[in-house]
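Written out below as structure tokens is the structure these notes cover.
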Amino acid sequence: MYCEADLVRIAKRENNKKRAYVVANRLQGKHIPVSPDQALFMFEALADIVQKSYGTHKLLVVGFAETATAIGAAVSVRLNAYYIQTTREQIDGADYLYFSEEHSHATEQKLVKDDLDQVISETDRVIFVEDEVTTGKTILNIIRILEQAYPGQVSYAAASILNGMDEEALRIYREKGIDLHYLVKTDHADYAKTAGQYTKKGSYVNCVKDREMVRNADTFKEYKVSGWMDARRLVSAADYQQACMQLWDKTDSLLHEAFKGRVLVLGTEEFMYPALWAASQIAHCGCEVRFHATTRSPIEVYEEDGYPLHARYELLSLYDKNRRTFIYDLAAYDSVLIMTDAHGEEREGIDSLVQAAAQFSRNIFMIRWC
């Protein structure tokens, strides 16, 4: 269905000695703007592969933050499983299992142990969902921790859009009885060389410096919508999908007249699937829609046509005003819809994101799910 050329675009990480490149999947909807239906179709193709293997098994799907949270949610919905995502955010009162993501710029990940305790005895298999599995070390790290916490209670599998594991890594997984599922097998041998061949720097825009900026948008309206369901905590995928549908219904009732022509929907960091689902519904109303999300990942941008990202906008996080985040390759749209589950009043983060979008779009709206 897919091949490497369909999906893989190689970009250069900024100041990361652990791994010089990042795979920017052009259909994933994280760094590169994408038609929402193309992203969801790809996620469902992965879910179909997994579903054929496990039939009536009782499954717990774990999506990896931040890039695979939407993939994990979509897979869990198709499998009618329980779902929980890893997180780098702090959840008050939660007991965590901590593990590391070795090549990342932000290595610490965690899962809420309290929630795992509720379902692990009723689970046949835990399926870890990633956008790409390169060495498999991150998943082995968390399996080792889970085996210590819940010895011998469940089996494990990993599902990813891309799999770049070498023969030694594949052998380790076979010996440990960890199933692997993926859409495309990749070879990372030349990725670092590819990332290093570009020379013409792209556009870098710092939207943090102008703290006292006056918004350029003709319209900026912010709404709070109730019914939030947090996938950083354990959810039934069916309940989560229903909550996302209700979020869309409320959003549509508030902003139906705003969705005309070209529309951009933006998720924020770990919060991707509900925004992606809303983007797909706007597209079904006849609009030309693109979706992507803010990210913690600092990626270099270049002008050359063969490079996937050409402009970078530096922001402050809507979740933590002391954390910088980024959005890439904004363009002109008739309206922009920002969807977030950030509950704090981080006005600096909101202002910086609106400032970035307002360089191209005059009508900007924000839905805060709370």
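Letters A, B, ... go to the chains of the structure tokens in the order shown; residues in each chain start at 1; ligands are counted from 1 in the same order.
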What are the DSSP strand (DSSP E or B) residues of stretch 103-161 of chain A, as a VMD selection string?
-> chain A and resid 108 to 112 125 to 133 155 to 161
Could you give me the residues within stretch 46-153 of chain A that DSSP places in helix (DSSP H, G or I), as number ranges by chain?
-> A: 46-54, 69-79, 113-122, 137-149
Might you pull out every residue within 12 Å of A:His181, with only C-alpha atoms counted and same-chain residues fewer than 3 positions away left off, and present them as a ChimeraX atom specification?
-> /A:45-54,127-133,156-165,170,173,178,184-185
For A:Arg125, which residue out of A:Tyr182, A:Tyr98, A:Tyr82, A:Tyr240 is the nearest one, using only C-alpha atoms?
->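 The shortest atom-to-atom distance to A:Arg125 comes from A:Tyr82.
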Which stretch 247-290 of chain A residues have any atom within 12 Å of an atom of stretch 61-69 of chain A, and for each, what is the nearest pair of atoms with distance in Å to one decimal, counting only C-alpha atoms, rows sorted by chain and number, as JSON lines?
{"residue": "A:Gly267", "atom": "CA", "partner": "A:Glu66", "partner_atom": "CA", "distance": 11.1}
{"residue": "A:Thr268", "atom": "CA", "partner": "A:Glu66", "partner_atom": "CA", "distance": 9.6}
{"residue": "A:Glu269", "atom": "CA", "partner": "A:Glu66", "partner_atom": "CA", "distance": 6.1}
{"residue": "A:Glu270", "atom": "CA", "partner": "A:Glu66", "partner_atom": "CA", "distance": 4.6}
{"residue": "A:Phe271", "atom": "CA", "partner": "A:Thr69", "partner_atom": "CA", "distance": 7.4}
{"residue": "A:Met272", "atom": "CA", "partner": "A:Thr69", "partner_atom": "CA", "distance": 6.5}
{"residue": "A:Tyr273", "atom": "CA", "partner": "A:Thr69", "partner_atom": "CA", "distance": 6.9}
{"residue": "A:Pro274", "atom": "CA", "partner": "A:Thr69", "partner_atom": "CA", "distance": 10.2}
{"residue": "A:Ala275", "atom": "CA", "partner": "A:Thr69", "partner_atom": "CA", "distance": 11.5}
{"residue": "A:Leu276", "atom": "CA", "partner": "A:Thr69", "partner_atom": "CA", "distance": 10.9}
Can you write out the residues you just picked, keeping N, CA and C atoms, as a PDB file, in the first residue's frame?
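Result file is part14.pdb:
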ATOM      1  N   GLY A 267      -3.055  21.195  16.132  1.00  0.00           N
ATOM      2  CA  GLY A 267      -3.002  20.602  17.452  1.00  0.00           C
ATOM      3  C   GLY A 267      -1.832  21.173  18.215  1.00  0.00           C
ATOM      4  N   THR A 268      -1.739  20.831  19.501  1.00  0.00           N
ATOM      5  CA  THR A 268      -0.645  21.353  20.326  1.00  0.00           C
ATOM      6  C   THR A 268       0.094  20.217  21.021  1.00  0.00           C
ATOM      7  N   GLU A 269       1.355  20.033  20.624  1.00  0.00           N
ATOM      8  CA  GLU A 269       2.276  19.078  21.259  1.00  0.00           C
ATOM      9  C   GLU A 269       1.678  17.674  21.335  1.00  0.00           C
ATOM     10  N   GLU A 270       1.380  17.164  22.533  1.00  0.00           N
ATOM     11  CA  GLU A 270       0.847  15.807  22.675  1.00  0.00           C
ATOM     12  C   GLU A 270      -0.624  15.700  22.275  1.00  0.00           C
ATOM     13  N   PHE A 271      -1.290  16.827  22.133  1.00  0.00           N
ATOM     14  CA  PHE A 271      -2.721  16.851  21.862  1.00  0.00           C
ATOM     15  C   PHE A 271      -2.948  16.900  20.347  1.00  0.00           C
ATOM     16  N   MET A 272      -3.151  15.732  19.755  1.00  0.00           N
ATOM     17  CA  MET A 272      -3.247  15.669  18.298  1.00  0.00           C
ATOM     18  C   MET A 272      -4.526  15.012  17.785  1.00  0.00           C
ATOM     19  N   TYR A 273      -4.907  13.855  18.324  1.00  0.00           N
ATOM     20  CA  TYR A 273      -6.010  13.102  17.716  1.00  0.00           C
ATOM     21  C   TYR A 273      -7.336  13.863  17.706  1.00  0.00           C
ATOM     22  N   PRO A 274      -7.766  14.491  18.808  1.00  0.00           N
ATOM     23  CA  PRO A 274      -9.043  15.210  18.751  1.00  0.00           C
ATOM     24  C   PRO A 274      -9.043  16.316  17.706  1.00  0.00           C
ATOM     25  N   ALA A 275      -7.905  17.008  17.565  1.00  0.00           N
ATOM     26  CA  ALA A 275      -7.805  18.072  16.565  1.00  0.00           C
ATOM     27  C   ALA A 275      -7.793  17.493  15.157  1.00  0.00           C
ATOM     28  N   LEU A 276      -7.113  16.369  14.965  1.00  0.00           N
ATOM     29  CA  LEU A 276      -7.089  15.706  13.658  1.00  0.00           C
ATOM     30  C   LEU A 276      -8.486  15.242  13.267  1.00  0.00           C
TER      31      LEU A 276
END
Who sits within 12 Å of A:Ala237, only C-alpha atoms, same chain under 2 positions skipped, as a PyMOL selection string = chain A and resi 59-62+72-85+229-231+233-235+239-244+273
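Of the listed residues (A:Val119, A:Ala311, A:Leu316, A:Ala169), A:Ala169 comes nearest to A:Thr138; the distances count only C-alpha atoms.
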Need the shell around A:Thr194: protein/DNA/RNA residues with any atom at most 9 Å away, counting only C-alpha atoms. Skip same-chain ones fewer than 6 positions apart. Format as a PDB file with C-alpha atoms, in the first residue's frame?
ATOM      1  CA  ILE A  10      14.640  13.369   5.950  1.00  0.00           C
ATOM      2  CA  ALA A  11      15.317  16.524   7.944  1.00  0.00           C
ATOM      3  CA  LYS A  12      18.207  17.613  10.157  1.00  0.00           C
ATOM      4  CA  TYR A  21      18.445  13.379  11.354  1.00  0.00           C
TER       5      TYR A  21
END
Write out as a ChimeraX atom specification each polymer residue whose atoms come within 12 Å of A:Ala195, counting only C-alpha atoms; drop sequence neighbours fewer than 6 positions from it.
-> /A:9-14,19-24,188-189,299-302,304,306-309
Just the residues within 8 Å of A:Trp228, please, counting only C-alpha atoms, with nothing from its chain fewer than 4 positions along; format it as an mmCIF file with N, CA, C and O atoms, in the first residue's frame.
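Generated file (around_11.cif):
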data_model
loop_
_atom_site.group_PDB
_atom_site.id
_atom_site.type_symbol
_atom_site.label_atom_id
_atom_site.label_comp_id
_atom_site.auth_asym_id
_atom_site.auth_seq_id
_atom_site.Cartn_x
_atom_site.Cartn_y
_atom_site.Cartn_z
ATOM 1 N N ALA A 243 -16.105 11.116 22.867
ATOM 2 C CA ALA A 243 -15.792 12.441 23.406
ATOM 3 C C ALA A 243 -15.241 13.356 22.314
ATOM 4 O O ALA A 243 -15.570 14.552 22.273
ATOM 5 N N ASP A 341 -5.641 21.185 24.716
ATOM 6 C CA ASP A 341 -6.157 20.828 26.036
ATOM 7 C C ASP A 341 -5.293 21.441 27.129
ATOM 8 O O ASP A 341 -5.319 20.981 28.269
ATOM 9 N N TRP A 369 -10.207 22.559 25.116
ATOM 10 C CA TRP A 369 -11.036 21.455 25.621
ATOM 11 C C TRP A 369 -10.763 21.309 27.108
ATOM 12 O O TRP A 369 -9.621 21.022 27.512
ATOM 13 N N CYS A 370 -11.787 21.493 27.935
ATOM 14 C CA CYS A 370 -11.547 21.500 29.377
ATOM 15 C C CYS A 370 -12.726 20.865 30.118
ATOM 16 O O CYS A 370 -13.682 20.416 29.514
#
A:Leu40, A:Ala356, A:Ile32, A:Leu180: which is nearest A:Ala279, counting only C-alpha atoms?
->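 Distance minimum relative to A:Ala279 lands on A:Leu40.
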Could you give me, as a Markdown table, every stretch 145-204 of chain A residue with an atom at most 12 Å from stretch 323-328 of chain A, plus its closest atom pair and distance in Å to one decimal, counting only C-alpha atoms, rows ordered by chain then number?
| residue | atom | partner | partner_atom | distance |
| --- | --- | --- | --- | --- |
| A:Gly202 | CA | A:Tyr328 | CA | 10.9 |
| A:Ser203 | CA | A:Tyr328 | CA | 9.9 |
| A:Tyr204 | CA | A:Tyr328 | CA | 9.6 |
